[in-house]
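Have a look at data-v4.cif below; it lists mmCIF, C-alpha atoms.
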```
data_data
#
loop_
_atom_site.label_atom_id
_atom_site.label_comp_id
_atom_site.auth_asym_id
_atom_site.auth_seq_id
_atom_site.Cartn_x
_atom_site.Cartn_y
_atom_site.Cartn_z
CA MET W 1 17.61 31.36 31.03
CA GLN W 2 16.96 31.17 27.32
CA CYS W 3 14.61 28.43 26.12
CA THR W 4 16.04 26.25 23.35
CA ASN W 5 13.05 23.92 22.96
CA THR W 6 10.36 26.04 21.30
CA VAL W 7 7.09 25.25 19.57
CA PHE W 8 5.17 27.48 17.16
CA ASP W 9 1.37 27.54 17.54
CA PRO W 10 0.06 28.58 14.10
CA GLU W 11 -3.53 28.96 15.30
CA ARG W 12 -2.71 31.63 17.91
CA GLY W 13 0.42 32.95 16.20
CA VAL W 14 2.72 32.54 19.22
CA VAL W 15 6.03 30.85 20.03
CA ILE W 16 5.91 28.76 23.22
CA CYS W 17 8.66 27.19 25.33
CA ALA W 18 7.93 23.44 25.27
CA ASP W 19 9.66 22.97 28.66
CA THR W 20 7.87 25.65 30.72
CA GLY W 21 4.81 26.57 28.65
CA GLU W 22 5.86 30.24 28.66
CA VAL W 23 4.86 32.39 25.68
CA ILE W 24 8.16 33.66 24.30
CA GLU W 25 6.97 35.62 21.31
CA GLU W 26 3.60 36.86 20.12
CA MET W 27 3.04 37.23 16.41
CA ASN W 28 1.13 40.14 14.93
CA ILE W 29 -0.20 38.02 12.07
CA ASP W 30 -2.40 35.01 12.70
CA VAL W 31 -1.48 32.49 10.01
CA GLY W 32 -4.18 30.05 11.05
CA PRO W 33 -7.66 29.74 9.53
CA GLU W 34 -10.34 32.29 10.32
CA TRP W 35 -12.60 29.53 11.65
CA ARG W 36 -12.44 26.93 14.40
CA ALA W 37 -13.16 23.20 14.15
CA TYR W 38 -13.69 20.92 17.12
CA THR W 39 -13.95 17.58 15.27
CA PRO W 40 -12.23 16.10 12.19
CA GLU W 41 -15.57 16.23 10.38
CA GLU W 42 -15.95 19.95 11.07
CA TYR W 43 -12.40 20.56 9.86
CA MET W 44 -13.04 18.75 6.57
CA GLU W 45 -16.27 20.67 6.06
CA ARG W 46 -14.85 24.10 6.85
CA ALA W 47 -11.43 23.91 5.22
CA ARG W 48 -11.35 26.07 2.10
CA THR W 49 -8.45 24.27 0.45
CA SER W 50 -7.78 20.56 0.17
CA THR W 51 -4.50 18.73 0.71
CA ILE W 52 -2.52 17.91 -2.42
CA THR W 53 -2.94 14.19 -3.05
CA GLN W 54 -2.50 11.80 -5.95
CA ARG W 55 -5.61 9.87 -4.92
CA VAL W 56 -7.82 12.11 -7.06
CA HIS W 57 -7.27 12.85 -10.74
CA ASP W 58 -6.61 16.60 -10.27
CA SER W 59 -4.32 16.08 -7.24
CA GLY W 60 -6.91 17.74 -4.97
CA LEU W 61 -6.33 21.22 -6.40
CA ALA W 62 -9.96 21.91 -7.30
CA THR W 63 -12.14 24.23 -5.21
CA GLU W 64 -15.22 22.78 -3.54
CA ILE W 65 -18.35 24.94 -3.61
CA ASP W 66 -20.18 25.15 -0.29
CA THR W 67 -23.68 23.69 -0.62
CA SER W 68 -24.63 24.24 3.03
CA ILE W 69 -26.33 27.46 1.94
CA ASN W 70 -29.76 26.32 0.89
CA SER W 71 -30.05 28.09 -2.43
CA TYR W 72 -30.77 26.95 -5.95
CA LYS W 73 -27.80 28.91 -7.30
CA SER W 74 -25.20 27.33 -5.00
CA LYS W 75 -26.45 23.82 -5.76
CA ARG W 76 -26.41 24.44 -9.51
CA LEU W 77 -22.88 25.84 -9.29
CA ALA W 78 -21.73 22.80 -7.30
CA ILE W 79 -23.15 20.42 -9.93
CA LEU W 80 -21.53 22.42 -12.74
CA GLN W 81 -18.23 22.51 -10.87
CA ARG W 82 -18.19 18.71 -10.43
CA LYS W 83 -18.88 18.18 -14.13
CA THR W 84 -16.16 20.57 -15.28
CA ARG W 85 -13.74 19.13 -12.72
CA VAL W 86 -14.00 15.63 -14.21
CA GLY W 87 -14.02 16.82 -17.82
CA GLY W 88 -13.88 14.47 -20.82
CA LYS W 89 -13.97 10.71 -21.22
CA ALA W 90 -10.26 10.23 -20.41
CA ASN W 91 -10.64 12.02 -17.09
CA LYS W 92 -13.80 10.06 -16.35
CA LYS W 93 -11.87 6.81 -16.82
CA ILE W 94 -9.02 7.81 -14.54
CA VAL W 95 -11.53 8.98 -11.91
CA ASP W 96 -13.15 5.53 -12.06
CA ALA W 97 -9.74 3.82 -11.85
CA LEU W 98 -8.76 5.87 -8.79
CA SER W 99 -12.14 5.09 -7.24
CA HIS W 100 -11.36 1.36 -7.58
CA LEU W 101 -7.90 1.95 -6.13
CA ASN W 102 -9.13 3.88 -3.09
CA HIS W 103 -11.82 1.26 -2.42
CA MET W 104 -9.31 -1.61 -2.58
CA ALA W 105 -6.74 0.25 -0.48
CA ALA W 106 -9.35 0.94 2.21
CA LEU W 107 -10.32 -2.74 2.39
CA LEU W 108 -6.64 -3.72 2.60
CA ASN W 109 -5.95 -1.05 5.23
CA LEU W 110 -2.89 0.21 3.37
CA PRO W 111 -0.90 3.11 4.87
CA SER W 112 -1.40 6.55 3.33
CA GLN W 113 2.11 6.71 1.87
CA ALA W 114 1.59 3.43 0.01
CA ILE W 115 -1.77 4.61 -1.35
CA GLU W 116 -0.18 7.82 -2.65
CA THR W 117 2.51 5.74 -4.37
CA ALA W 118 -0.14 3.45 -5.87
CA ALA W 119 -2.07 6.43 -7.22
CA THR W 120 1.10 7.88 -8.77
CA ILE W 121 1.87 4.53 -10.41
CA LEU W 122 -1.72 4.26 -11.66
CA LYS W 123 -1.47 7.64 -13.38
CA LYS W 124 1.82 6.71 -15.04
CA ILE W 125 0.41 3.43 -16.33
CA PHE W 126 -2.81 5.10 -17.45
CA THR W 127 -0.95 7.78 -19.42
CA THR W 128 1.13 5.18 -21.28
CA LEU W 129 -1.36 2.37 -21.90
CA GLN W 130 -4.71 4.21 -21.99
CA PRO W 131 -6.54 1.04 -20.83
CA ARG W 132 -10.14 0.29 -21.74
CA SER W 133 -12.90 0.84 -19.19
CA ASP W 134 -13.16 -2.90 -18.46
CA LYS W 135 -9.47 -2.97 -17.45
CA LEU W 136 -9.65 -0.22 -14.83
CA LYS W 137 -10.09 -2.56 -11.88
CA ILE W 138 -7.06 -4.56 -13.05
CA LEU W 139 -5.12 -1.29 -13.40
CA ALA W 140 -6.01 -0.37 -9.81
CA LEU W 141 -4.91 -3.74 -8.41
CA ALA W 142 -1.68 -3.75 -10.42
CA SER W 143 -0.85 -0.28 -9.06
CA ILE W 144 -1.50 -1.42 -5.49
CA VAL W 145 0.71 -4.51 -5.91
CA LEU W 146 3.58 -2.45 -7.33
CA ALA W 147 3.23 0.14 -4.56
CA ALA W 148 3.22 -2.60 -1.92
CA ARG W 149 6.49 -3.92 -3.33
CA ARG W 150 7.92 -0.41 -3.35
CA HIS W 151 7.12 -0.02 0.36
CA ASN W 152 8.11 -3.58 1.27
CA ILE W 153 4.55 -4.50 2.30
CA PRO W 154 3.75 -8.24 2.12
CA ILE W 155 0.89 -8.81 -0.27
CA ARG W 156 -0.48 -11.97 -1.90
CA VAL W 157 -1.49 -11.39 -5.50
CA LYS W 158 -3.43 -14.64 -5.87
CA GLU W 159 -5.54 -13.80 -2.82
CA LEU W 160 -6.32 -10.30 -4.08
CA ILE W 161 -7.20 -11.50 -7.59
CA THR W 162 -9.82 -13.80 -6.04
CA ARG W 163 -10.99 -11.24 -3.50
CA PHE W 164 -11.65 -8.53 -6.09
CA ASP W 165 -13.09 -10.90 -8.70
CA ILE W 166 -10.40 -10.32 -11.33
CA SER W 167 -9.38 -12.81 -14.02
CA GLU W 168 -5.94 -14.19 -13.15
CA GLU W 169 -5.08 -14.56 -16.83
CA GLU W 170 -6.12 -10.98 -17.58
CA TYR W 171 -4.19 -9.67 -14.57
CA TRP W 172 -0.87 -11.26 -15.57
CA LYS W 173 -1.39 -10.27 -19.20
CA PHE W 174 -1.87 -6.66 -18.08
CA MET W 175 1.17 -6.82 -15.77
CA SER W 176 3.29 -8.16 -18.62
CA GLU W 177 2.26 -5.15 -20.70
CA VAL W 178 3.17 -2.83 -17.84
CA TYR W 179 6.64 -4.36 -17.47
CA PHE W 180 7.39 -4.06 -21.18
CA LYS W 181 5.83 -0.69 -22.01
CA VAL W 182 5.76 1.50 -18.88
CA ASN W 183 8.85 3.12 -17.38
CA LEU W 184 8.24 2.97 -13.64
CA GLY W 185 11.83 2.84 -12.48
CA GLY W 186 12.18 1.83 -8.84
CA GLU W 187 8.56 0.71 -8.52
CA LEU W 188 9.30 -2.36 -10.67
CA LYS W 189 12.63 -3.17 -9.06
CA ALA W 190 11.44 -3.27 -5.47
CA TYR W 191 11.15 -6.70 -3.86
CA VAL W 192 9.34 -7.79 -0.73
CA ASP W 193 11.48 -9.61 1.82
CA PRO W 194 10.09 -13.18 2.26
CA ARG W 195 10.50 -12.77 6.02
CA LYS W 196 7.60 -10.31 5.96
CA PHE W 197 5.25 -13.26 5.34
CA LEU W 198 6.50 -15.38 8.26
CA PRO W 199 4.38 -13.90 11.10
CA SER W 200 1.05 -14.57 9.40
CA ILE W 201 2.03 -18.08 8.24
CA VAL W 202 3.35 -19.11 11.66
CA ASN W 203 0.30 -17.63 13.37
CA ASN W 204 -2.11 -19.39 10.98
CA LEU W 205 -0.37 -22.71 11.57
CA GLY W 206 -0.25 -22.30 15.33
CA VAL W 207 3.40 -23.37 15.57
CA SER W 208 5.99 -22.09 18.03
CA GLN W 209 8.38 -19.16 17.80
CA LYS W 210 11.15 -21.70 17.26
CA VAL W 211 9.72 -22.45 13.80
CA PHE W 212 9.68 -18.73 13.03
CA VAL W 213 13.36 -18.34 14.02
CA ILE W 214 14.52 -21.35 11.98
CA ALA W 215 12.50 -20.23 8.93
CA ALA W 216 13.98 -16.72 9.18
CA LYS W 217 17.50 -18.19 9.28
CA ILE W 218 16.77 -20.32 6.21
CA ILE W 219 15.57 -17.24 4.32
CA ASP W 220 18.66 -15.28 5.41
CA SER W 221 20.87 -18.03 3.98
CA LEU W 222 18.88 -18.08 0.74
CA LYS W 223 19.27 -14.32 0.37
CA ARG W 224 23.03 -14.49 0.95
CA GLU W 225 23.31 -17.13 -1.78
CA GLY W 226 21.15 -15.08 -4.15
CA LEU W 227 18.49 -17.79 -4.27
CA THR W 228 15.50 -15.52 -3.66
CA GLU W 229 15.83 -13.48 -6.84
CA GLY W 230 12.91 -13.85 -9.23
CA LYS W 231 10.96 -16.11 -6.86
CA ASP W 232 7.60 -15.49 -5.21
CA PRO W 233 8.47 -14.27 -1.69
CA ALA W 234 5.34 -15.87 -0.20
CA GLY W 235 6.33 -19.22 -1.70
CA ILE W 236 9.86 -18.95 -0.30
CA ALA W 237 8.48 -18.12 3.14
CA ALA W 238 6.02 -21.02 3.00
CA ALA W 239 8.68 -23.56 2.00
CA SER W 240 11.01 -22.25 4.71
CA VAL W 241 8.28 -22.65 7.34
CA TYR W 242 7.55 -26.17 6.07
CA ILE W 243 11.22 -27.17 6.47
CA ALA W 244 11.47 -25.35 9.81
CA SER W 245 8.42 -27.20 11.15
CA ILE W 246 10.18 -30.50 10.39
CA LEU W 247 13.46 -29.38 12.00
CA ALA W 248 11.61 -28.11 15.09
CA ASP W 249 9.74 -31.42 15.41
CA GLU W 250 6.40 -29.63 14.82
CA LYS W 251 5.86 -31.04 11.35
CA LYS W 252 3.01 -29.70 9.25
CA THR W 253 1.95 -31.09 5.88
CA GLN W 254 2.56 -29.20 2.67
CA LYS W 255 -1.20 -28.81 2.32
CA GLN W 256 -1.49 -27.23 5.79
CA VAL W 257 1.36 -24.81 5.09
CA ALA W 258 -0.05 -23.97 1.64
CA GLU W 259 -3.42 -23.08 3.16
CA ALA W 260 -1.78 -21.00 5.92
CA ALA W 261 0.33 -19.10 3.36
CA ASN W 262 -2.38 -18.93 0.67
CA VAL W 263 -0.08 -20.45 -1.95
CA THR W 264 -0.35 -23.71 -3.88
CA GLU W 265 1.20 -27.02 -2.79
CA VAL W 266 3.06 -27.05 -6.11
CA THR W 267 4.75 -23.77 -5.18
CA ILE W 268 5.88 -25.20 -1.84
CA ARG W 269 7.21 -28.39 -3.48
CA ASN W 270 9.19 -26.39 -6.04
CA ARG W 271 10.70 -24.04 -3.48
CA TYR W 272 11.32 -26.98 -1.12
CA ARG W 273 13.39 -28.73 -3.79
CA ASP W 274 15.33 -25.52 -4.47
CA ILE W 275 16.19 -25.16 -0.79
CA ILE W 276 17.13 -28.81 -0.23
CA ASN W 277 19.19 -29.06 -3.43
CA ARG W 278 21.04 -25.76 -3.14
CA LEU W 279 21.36 -25.07 0.58
CA THR W 280 23.22 -27.02 3.25
CA ILE W 281 21.31 -27.10 6.53
CA THR W 282 23.22 -28.24 9.62
CA VAL W 283 21.27 -29.47 12.64
CA TYR W 284 23.03 -29.54 16.00
CA LEU W 285 21.73 -32.19 18.41
#
```

Would you write out, as structure tokens, the structure that this file holds?
Amino acid sequence: MQCTNTVFDPERGVVICADTGEVIEEMNIDVGPEWRAYTPEEYMERARTSTITQRVHDSGLATEIDTSINSYKSKRLAILQRKTRVGGKANKKIVDALSHLNHMAALLNLPSQAIETAATILKKIFTTLQPRSDKLKILALASIVLAARRHNIPIRVKELITRFDISEEEYWKFMSEVYFKVNLGGELKAYVDPRKFLPSIVNNLGVSQKVFVIAAKIIDSLKREGLTEGKDPAGIAAASVYIASILADEKKTQKQVAEAANVTEVTIRNRYRDIINRLTITVYL
């Protein structure tokens, strides 16, 4: 009986039947590395080529010189290689910007795909605007926010501005420049669904799942009516939870909801008025 579920083992150069474990075909050429690694650390140390990634300025295409050999020559070559890899002042700035980005992304525990997108956005912005050295941290955060929107990841700008010690005025001034001068296509058009913020708000408030369901229905109605466009998704979610807590007889104050959602009370009041004035909510008793 012919096996239709096969797996190729590149290290041993064989084709194996995934159902029976039988070796179906042996390859004459071993396409795997000429070394073995038993831990991720060993693999990273022994690999001769690096994965292509946008997280470094040269996309990871540079060769790393092995310094495990204790010789003056190898160490000098490694130092020289690092200097030539970075190059001039422009490259030094983008290296610093990517360093900020990778540090922020690690603290935020962003998925790899989102970090790659953020790094790509950063390079596009950098090429167009050529920001000063004191704007590199703002550049990194702006790239992360845009990437988060692109991947529909809920993210609170106000919280991150405070967390990374960035001037709110400078951040929005920089973002305005990005919107007007940089062609990022889909990265600027993406929008985070307000429902993405509901789990954390509901959990922080300690209200029931009933509040979550009602708030989600309110947001669905807002989206159908086109009332979420151009509004802060976290603010919409917070106002929806505030209304839902009243409808579910688990009322929380605007201040409590604002703290749980990390938005201002003014934002909740404004979105609350929008919802009450433009949406009809029917309660069945």

Got a sec to resolve the PyMOL selection byres ((chain W and resi 228-237) around 7) on this structure and send the residues as a PDB file with C-alpha atoms, keeping the file's coordinate frame?
```
ATOM      1  CA  VAL W 192       9.340  -7.790  -0.730  1.00  0.00           C
ATOM      2  CA  ASP W 193      11.480  -9.610   1.820  1.00  0.00           C
ATOM      3  CA  PRO W 194      10.090 -13.180   2.260  1.00  0.00           C
ATOM      4  CA  ARG W 195      10.500 -12.770   6.020  1.00  0.00           C
ATOM      5  CA  PHE W 197       5.250 -13.260   5.340  1.00  0.00           C
ATOM      6  CA  LEU W 198       6.500 -15.380   8.260  1.00  0.00           C
ATOM      7  CA  LEU W 222      18.880 -18.080   0.740  1.00  0.00           C
ATOM      8  CA  LYS W 223      19.270 -14.320   0.370  1.00  0.00           C
ATOM      9  CA  GLY W 226      21.150 -15.080  -4.150  1.00  0.00           C
ATOM     10  CA  LEU W 227      18.490 -17.790  -4.270  1.00  0.00           C
ATOM     11  CA  ALA W 238       6.020 -21.020   3.000  1.00  0.00           C
ATOM     12  CA  ALA W 239       8.680 -23.560   2.000  1.00  0.00           C
ATOM     13  CA  SER W 240      11.010 -22.250   4.710  1.00  0.00           C
ATOM     14  CA  VAL W 241       8.280 -22.650   7.340  1.00  0.00           C
ATOM     15  CA  ALA W 261       0.330 -19.100   3.360  1.00  0.00           C
ATOM     16  CA  VAL W 263      -0.080 -20.450  -1.950  1.00  0.00           C
ATOM     17  CA  THR W 267       4.750 -23.770  -5.180  1.00  0.00           C
ATOM     18  CA  ILE W 268       5.880 -25.200  -1.840  1.00  0.00           C
ATOM     19  CA  ARG W 271      10.700 -24.040  -3.480  1.00  0.00           C
TER      20      ARG W 271
END
```

Give as an MDAnalysis selection string the set of residues within 12 Å of the point (-10.8, -20.4, -3.3), where distances use the file's coordinates and only C-alpha atoms.
-> chainID W and resid 158:163 165 259 262:264

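When all atoms listed in the file are used to measure the gap to Ala118 in chain W, the shortest distance among W:Ser143, W:Ser221, W:Ser133, W:Ser99 belongs to W:Ser143.
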
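Minimum atom-to-atom distances from W:Leu136, W:Val23, W:Ala142, W:Val157 to Ser176 in chain W were compared using only C-alpha atoms, and the lowest value belongs to W:Ala142.
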
Padding of 4 Å on every side, edges along x, y and z, all listed atoms of range 269-273 of chain W included: what centre and edge lengths in Å, to one decimal, does that box have, as lines of an AutoDock Vina configuration file?
```
center_x = 10.3
center_y = -26.4
center_z = -3.6
size_x = 14.2
size_y = 12.7
size_z = 12.9
```

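This file, filtered with the PyMOL selection byres ((chain W and resi 122) around 10), gives the residues Gln54, Arg55, Ile94, Ala97, Leu98, Leu101, Glu116, Thr117, Ala118, Ala119, Thr120, Ile121, Lys123, Lys124, Ile125, Phe126, Thr127, Leu136, Leu139, Ala140, Leu141, Ala142, Ser143, Ile144, Leu146 and Ala147 of chain W.
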
Using only C-alpha atoms: which of W:Ile214, W:Met175, W:Ile138, W:Ile275 has the shortest distance to Ala248 in chain W = W:Ile214

By how many Å are CA of Ile115 in chain W and CA of Asn102 in chain W apart?
-> 7.6 Å

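Taking CA of Tyr272 in chain W and CA of Ile166 in chain W as the two end points, the separation is 29.2 Å.
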
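We find CA of Arg278 in chain W and CA of Trp172 in chain W to be spaced 29.1 Å apart.
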
Once the PyMOL selection byres ((chain W and resi 260) around 8) has been applied to the shown file, what residues remain in the selection, as a ChimeraX atom specification?
-> /W:200-202,204-205,256-259,261-262

Export C-alpha atoms of the chosen residues as a PDB file, in the frame of the given file?
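In the end it all went to selection_34.pdb:
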```pdb
ATOM      1  CA  SER W 200       1.050 -14.570   9.400  1.00  0.00           C
ATOM      2  CA  ILE W 201       2.030 -18.080   8.240  1.00  0.00           C
ATOM      3  CA  VAL W 202       3.350 -19.110  11.660  1.00  0.00           C
ATOM      4  CA  ASN W 204      -2.110 -19.390  10.980  1.00  0.00           C
ATOM      5  CA  LEU W 205      -0.370 -22.710  11.570  1.00  0.00           C
ATOM      6  CA  GLN W 256      -1.490 -27.230   5.790  1.00  0.00           C
ATOM      7  CA  VAL W 257       1.360 -24.810   5.090  1.00  0.00           C
ATOM      8  CA  ALA W 258      -0.050 -23.970   1.640  1.00  0.00           C
ATOM      9  CA  GLU W 259      -3.420 -23.080   3.160  1.00  0.00           C
ATOM     10  CA  ALA W 261       0.330 -19.100   3.360  1.00  0.00           C
ATOM     11  CA  ASN W 262      -2.380 -18.930   0.670  1.00  0.00           C
TER      12      ASN W 262
END
```

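Minimum atom-to-atom distances from W:His100, W:Lys135, W:Arg149, W:Arg156 to Glu170 in chain W were compared using all atoms listed in the file, and the lowest value belongs to W:Lys135.
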